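To be precise, the following lines are structure.cif, and they hold mmCIF, C-alpha atoms and all ligand atoms.
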data_work
loop_
_atom_site.group_PDB
_atom_site.id
_atom_site.type_symbol
_atom_site.label_atom_id
_atom_site.label_comp_id
_atom_site.auth_asym_id
_atom_site.auth_seq_id
_atom_site.Cartn_x
_atom_site.Cartn_y
_atom_site.Cartn_z
ATOM 1 C CA MET A 11 -2.295 10.045 -15.168
ATOM 2 C CA SER A 12 -5.277 7.765 -15.704
ATOM 3 C CA SER A 13 -4.684 4.857 -13.365
ATOM 4 C CA ILE A 14 -3.296 4.324 -9.856
ATOM 5 C CA LEU A 15 -2.138 0.923 -8.637
ATOM 6 C CA VAL A 16 -3.221 0.201 -5.061
ATOM 7 C CA LEU A 17 -1.233 -2.867 -4.041
ATOM 8 C CA ASN A 18 -1.851 -4.859 -0.883
ATOM 9 C CA GLY A 19 0.350 -7.550 0.620
ATOM 10 C CA PRO A 20 -0.243 -10.683 2.662
ATOM 11 C CA ASN A 21 -3.304 -11.252 4.842
ATOM 12 C CA LEU A 22 -4.981 -8.027 3.697
ATOM 13 C CA GLY A 23 -7.456 -10.150 1.734
ATOM 14 C CA ARG A 24 -8.812 -11.030 5.170
ATOM 15 C CA LEU A 25 -9.751 -7.463 6.019
ATOM 16 C CA GLY A 26 -13.190 -7.366 7.594
ATOM 17 C CA SER A 27 -12.603 -10.433 9.742
ATOM 18 C CA ARG A 28 -8.871 -10.065 10.508
ATOM 19 C CA GLU A 29 -8.261 -8.409 13.901
ATOM 20 C CA PRO A 30 -11.075 -5.861 13.509
ATOM 21 C CA ASP A 31 -9.903 -4.130 16.685
ATOM 22 C CA VAL A 32 -6.699 -3.226 14.784
ATOM 23 C CA TYR A 33 -7.811 -3.004 11.151
ATOM 24 C CA GLY A 34 -11.526 -2.152 11.428
ATOM 25 C CA SER A 35 -14.456 -4.048 9.955
ATOM 26 C CA GLY A 36 -14.191 -2.874 6.338
ATOM 27 C CA THR A 37 -13.292 -5.323 3.558
ATOM 28 C CA LEU A 38 -11.094 -4.768 0.506
ATOM 29 C CA ASP A 39 -14.310 -4.250 -1.499
ATOM 30 C CA ASP A 40 -15.262 -1.471 0.929
ATOM 31 C CA LEU A 41 -11.796 0.036 0.454
ATOM 32 C CA LEU A 42 -12.205 -0.004 -3.321
ATOM 33 C CA GLU A 43 -15.612 1.685 -2.994
ATOM 34 C CA GLN A 44 -14.088 4.420 -0.820
ATOM 35 C CA LEU A 45 -11.182 5.007 -3.223
ATOM 36 C CA ASP A 46 -13.463 5.041 -6.262
ATOM 37 C CA ARG A 47 -15.446 7.766 -4.483
ATOM 38 C CA ASP A 48 -12.317 9.738 -3.548
ATOM 39 C CA ALA A 49 -10.465 9.440 -6.868
ATOM 40 C CA ALA A 50 -10.220 12.517 -9.060
ATOM 41 C CA PRO A 51 -12.462 12.434 -12.144
ATOM 42 C CA GLY A 52 -10.999 10.251 -14.882
ATOM 43 C CA VAL A 53 -8.675 8.348 -12.521
ATOM 44 C CA THR A 54 -9.094 4.563 -12.345
ATOM 45 C CA ILE A 55 -8.247 2.741 -9.122
ATOM 46 C CA ASP A 56 -6.617 -0.622 -9.843
ATOM 47 C CA LEU A 57 -6.737 -2.323 -6.432
ATOM 48 C CA ARG A 58 -5.030 -5.685 -6.007
ATOM 49 C CA GLN A 59 -4.079 -8.002 -3.149
ATOM 50 C CA THR A 60 -1.754 -10.970 -2.962
ATOM 51 C CA ASP A 61 -0.148 -13.179 -0.354
ATOM 52 C CA ASP A 62 2.658 -13.920 -2.816
ATOM 53 C CA GLU A 63 5.839 -11.847 -2.680
ATOM 54 C CA ALA A 64 6.764 -12.680 -6.296
ATOM 55 C CA GLU A 65 3.381 -11.522 -7.572
ATOM 56 C CA LEU A 66 3.660 -8.240 -5.661
ATOM 57 C CA ILE A 67 7.149 -7.682 -7.121
ATOM 58 C CA GLY A 68 5.775 -8.388 -10.607
ATOM 59 C CA TRP A 69 3.102 -5.724 -10.098
ATOM 60 C CA LEU A 70 5.781 -3.183 -9.119
ATOM 61 C CA HIS A 71 7.685 -4.032 -12.321
ATOM 62 C CA GLU A 72 4.416 -3.476 -14.197
ATOM 63 C CA ALA A 73 4.089 -0.046 -12.537
ATOM 64 C CA VAL A 74 7.541 0.887 -13.876
ATOM 65 C CA ASP A 75 6.761 -0.399 -17.372
ATOM 66 C CA THR A 76 3.434 1.436 -17.531
ATOM 67 C CA ALA A 77 4.592 4.549 -15.614
ATOM 68 C CA THR A 78 1.804 4.148 -13.074
ATOM 69 C CA PRO A 79 1.863 5.723 -9.577
ATOM 70 C CA VAL A 80 1.596 3.264 -6.685
ATOM 71 C CA ILE A 81 -0.044 3.171 -3.281
ATOM 72 C CA LEU A 82 1.536 0.190 -1.516
ATOM 73 C CA ASN A 83 0.530 -1.510 1.708
ATOM 74 C CA PRO A 84 3.307 -4.108 1.945
ATOM 75 C CA ALA A 85 1.735 -5.601 5.115
ATOM 76 C CA ALA A 86 4.222 -7.888 6.907
ATOM 77 C CA PHE A 87 6.663 -7.680 3.959
ATOM 78 C CA THR A 88 7.225 -4.090 5.160
ATOM 79 C CA HIS A 89 9.410 -5.329 7.939
ATOM 80 C CA TYR A 90 11.774 -7.736 6.198
ATOM 81 C CA SER A 91 11.445 -8.063 2.408
ATOM 82 C CA TYR A 92 14.558 -6.656 0.751
ATOM 83 C CA ALA A 93 13.312 -8.076 -2.550
ATOM 84 C CA LEU A 94 10.160 -5.977 -2.287
ATOM 85 C CA ARG A 95 12.228 -2.942 -1.306
ATOM 86 C CA ASP A 96 14.419 -3.348 -4.378
ATOM 87 C CA ALA A 97 11.330 -3.603 -6.598
ATOM 88 C CA ALA A 98 9.764 -0.543 -4.928
ATOM 89 C CA ALA A 99 13.038 1.333 -5.455
ATOM 90 C CA LEU A 100 12.728 0.662 -9.193
ATOM 91 C CA VAL A 101 9.449 2.586 -9.103
ATOM 92 C CA THR A 102 10.754 5.691 -7.340
ATOM 93 C CA LYS A 103 14.085 5.640 -9.220
ATOM 94 C CA ALA A 104 11.989 5.737 -12.413
ATOM 95 C CA GLY A 105 10.623 9.051 -11.122
ATOM 96 C CA LEU A 106 7.228 7.606 -10.234
ATOM 97 C CA ILE A 107 5.389 8.197 -6.964
ATOM 98 C CA LEU A 108 5.175 5.282 -4.535
ATOM 99 C CA ILE A 109 3.424 5.923 -1.233
ATOM 100 C CA GLU A 110 3.746 3.357 1.563
ATOM 101 C CA VAL A 111 0.531 3.118 3.562
ATOM 102 C CA HIS A 112 -0.582 1.273 6.680
ATOM 103 C CA ILE A 113 -4.033 0.956 8.133
ATOM 104 C CA SER A 114 -2.709 0.760 11.688
ATOM 105 C CA ASN A 115 0.187 2.748 13.131
ATOM 106 C CA PRO A 116 2.960 0.140 13.221
ATOM 107 C CA HIS A 117 5.019 2.370 15.542
ATOM 108 C CA SER A 118 2.444 2.004 18.292
ATOM 109 C CA ARG A 119 2.502 -1.801 18.009
ATOM 110 C CA GLU A 120 5.006 -4.626 18.544
ATOM 111 C CA GLU A 121 8.710 -3.796 18.263
ATOM 112 C CA PHE A 122 9.202 -5.853 15.058
ATOM 113 C CA ARG A 123 6.698 -3.573 13.280
ATOM 114 C CA HIS A 124 8.694 -0.438 14.054
ATOM 115 C CA ASN A 125 11.144 -0.989 11.224
ATOM 116 C CA SER A 126 10.199 -0.633 7.565
ATOM 117 C CA VAL A 127 12.667 -1.648 4.863
ATOM 118 C CA ILE A 128 10.449 0.172 2.338
ATOM 119 C CA SER A 129 10.142 3.673 3.860
ATOM 120 C CA ALA A 130 13.616 4.916 2.895
ATOM 121 C CA ILE A 131 12.933 4.473 -0.813
ATOM 122 C CA ALA A 132 9.227 5.482 -0.754
ATOM 123 C CA THR A 133 8.113 8.927 -1.867
ATOM 124 C CA GLY A 134 6.237 9.189 1.441
ATOM 125 C CA VAL A 135 4.595 7.189 4.200
ATOM 126 C CA ILE A 136 1.083 7.445 5.663
ATOM 127 C CA ALA A 137 0.045 5.255 8.586
ATOM 128 C CA GLY A 138 -2.519 4.993 11.339
ATOM 129 C CA PHE A 139 -5.644 6.434 9.717
ATOM 130 C CA GLY A 140 -7.473 3.239 8.843
ATOM 131 C CA PHE A 141 -8.687 3.155 5.235
ATOM 132 C CA ASP A 142 -8.220 6.934 5.191
ATOM 133 C CA SER A 143 -4.449 6.270 4.958
ATOM 134 C CA TYR A 144 -5.147 5.204 1.353
ATOM 135 C CA SER A 145 -7.426 8.199 0.683
ATOM 136 C CA LEU A 146 -4.762 10.560 2.035
ATOM 137 C CA ALA A 147 -2.222 8.887 -0.267
ATOM 138 C CA LEU A 148 -4.609 9.397 -3.181
ATOM 139 C CA ASP A 149 -4.887 13.063 -2.265
ATOM 140 C CA ALA A 150 -1.083 13.355 -2.068
ATOM 141 C CA ILE A 151 -0.714 11.862 -5.568
ATOM 142 C CA ASN A 152 -3.379 14.233 -6.845
ATOM 143 C CA ARG A 153 -1.595 17.238 -5.349
ATOM 144 C CA LYS A 154 1.774 16.159 -6.736
ATOM 145 C CA LEU A 155 0.576 15.302 -10.235
ATOM 146 C CA GLY A 156 -2.396 17.646 -10.491
HETATM 147 C C1 LIG A 201 -0.109 -3.282 8.157
HETATM 148 C C2 LIG A 201 0.849 -3.299 9.358
HETATM 149 C C3 LIG A 201 1.805 -4.490 9.283
HETATM 150 O O1 LIG A 201 2.648 -4.509 10.405
HETATM 151 C C4 LIG A 201 1.013 -5.784 9.247
HETATM 152 O O2 LIG A 201 1.890 -6.884 9.083
HETATM 153 C C5 LIG A 201 -0.083 -5.806 8.248
HETATM 154 C C6 LIG A 201 -0.859 -4.602 8.016
HETATM 155 C C7 LIG A 201 -1.166 -2.164 8.277
HETATM 156 O O3 LIG A 201 -1.780 -1.855 7.269
HETATM 157 O O4 LIG A 201 -1.397 -1.634 9.367
HETATM 158 O O5 LIG A 201 -0.394 -6.851 7.674
HETATM 159 O O6 LIG A 201 0.649 -3.041 6.982
#
Please express what this file holds, its structure, as structure tokens.
Amino acid sequence: MSSILVLNGPNLGRLGSREPDVYGSGTLDDLLEQLDRDAAPGVTIDLRQTDDEAELIGWLHEAVDTATPVILNPAAFTHYSYALRDAAALVTKAGLILIEVHISNPHSREEFRHNSVISAIATGVIAGFGFDSYSLALDAINRKLG
């Protein structure tokens, strides 16, 4: 393993100014800095964000084609995108790790956030630890793949 895809869905490009009471004041650049620090030696963090469902699906296809493990924050797509779920299922059905992460704990928030259409096909789910949700996912991948 030399690279990990860290994929972020809609509105996460606004981290830093978006609802800091919920998501904290760190930006995506800050997240990348943290993950670069936490990554095992020799592992490259490929962090991306899009507001476009089709682009996110294309990146999951890329993960399958390149056999790359994925940390995925699907953002609002979590709650309703069957297309994203089907693409994420391609990753785990290919035997690759895909960890669903959330900065906040969706279960402690509005009712519509309580359901994830992704979780059932993810390798695992980590939520509620701020940016550390991603670092914990990184650690989980490290432990699984060594
Ligand atoms: C989120 C939680 C989602 O409910 C929300 O739509 C997001 C961010 C999180 O990281 O806490 O955009 O995925």
Residue nearest Asp62 of chain A - candidates A:Gln44, A:Asn83, A:Asn18, A:Ser13, atoms counted: all atoms listed in the file: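 When distances to Asp62 of chain A are compared using all atoms listed in the file, the smallest one comes from A:Asn18.
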Protein and nucleic residues near ligand LIG 201 (chain A), 9 Å, all atoms listed in the file, as a ChimeraX atom specification: /A:18-22,32-33,83-89,110-117,119-120,122-124,126,137-138,140-141,143
Shell around Val16 of chain A at 8 Å using only C-alpha atoms, local window under 6 positions removed, as a PyMOL selection string: chain A and resi 55-58+80-83
Ground truth for the PyMOL selection byres (((chain A and resi 92-94) around 9) and not hetatm), written as a list in words: Glu63, Ala64, Leu66, Ile67, Leu70, Pro84, Phe87, Thr88, His89, Tyr90, Ser91, Arg95, Asp96, Ala97, Ala98, Ala99, Val127 and Ile128 of chain A
Between atom CA of Leu148 of chain A and atom CA of Ser27 of chain A - distance in Å to one decimal: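 Answer for the atom CA of Ser27 of chain A to atom CA of Leu148 of chain A separation: 25.0 Å.
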Selected residue, from A:Ile136, A:Leu155, A:Leu17, A:Ala73, that lies nearest to Lys103 of chain A when counting all atoms listed in the file: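 Closest candidate: A:Ala73.
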Chain and number of each residue from the PyMOL selection byres (((chain A and resi 36) around 10) and not hetatm), as a count of residues only: 16
Pick from A:Glu65, A:Glu121, A:Asp75, A:Asp48, whichever lies nearest to Asp142 of chain A using all atoms listed in the file: A:Asp48
For atom CA of Leu100 of chain A and atom CA of Ser118 of chain A, the interatomic separation in Å (one decimal):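 Taking atom CA of Leu100 of chain A and atom CA of Ser118 of chain A, their separation equals 29.4 Å.
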Length of the atom CA of Leu42 of chain A to atom CA of Gln59 of chain A vector [Å]: 11.4 Å
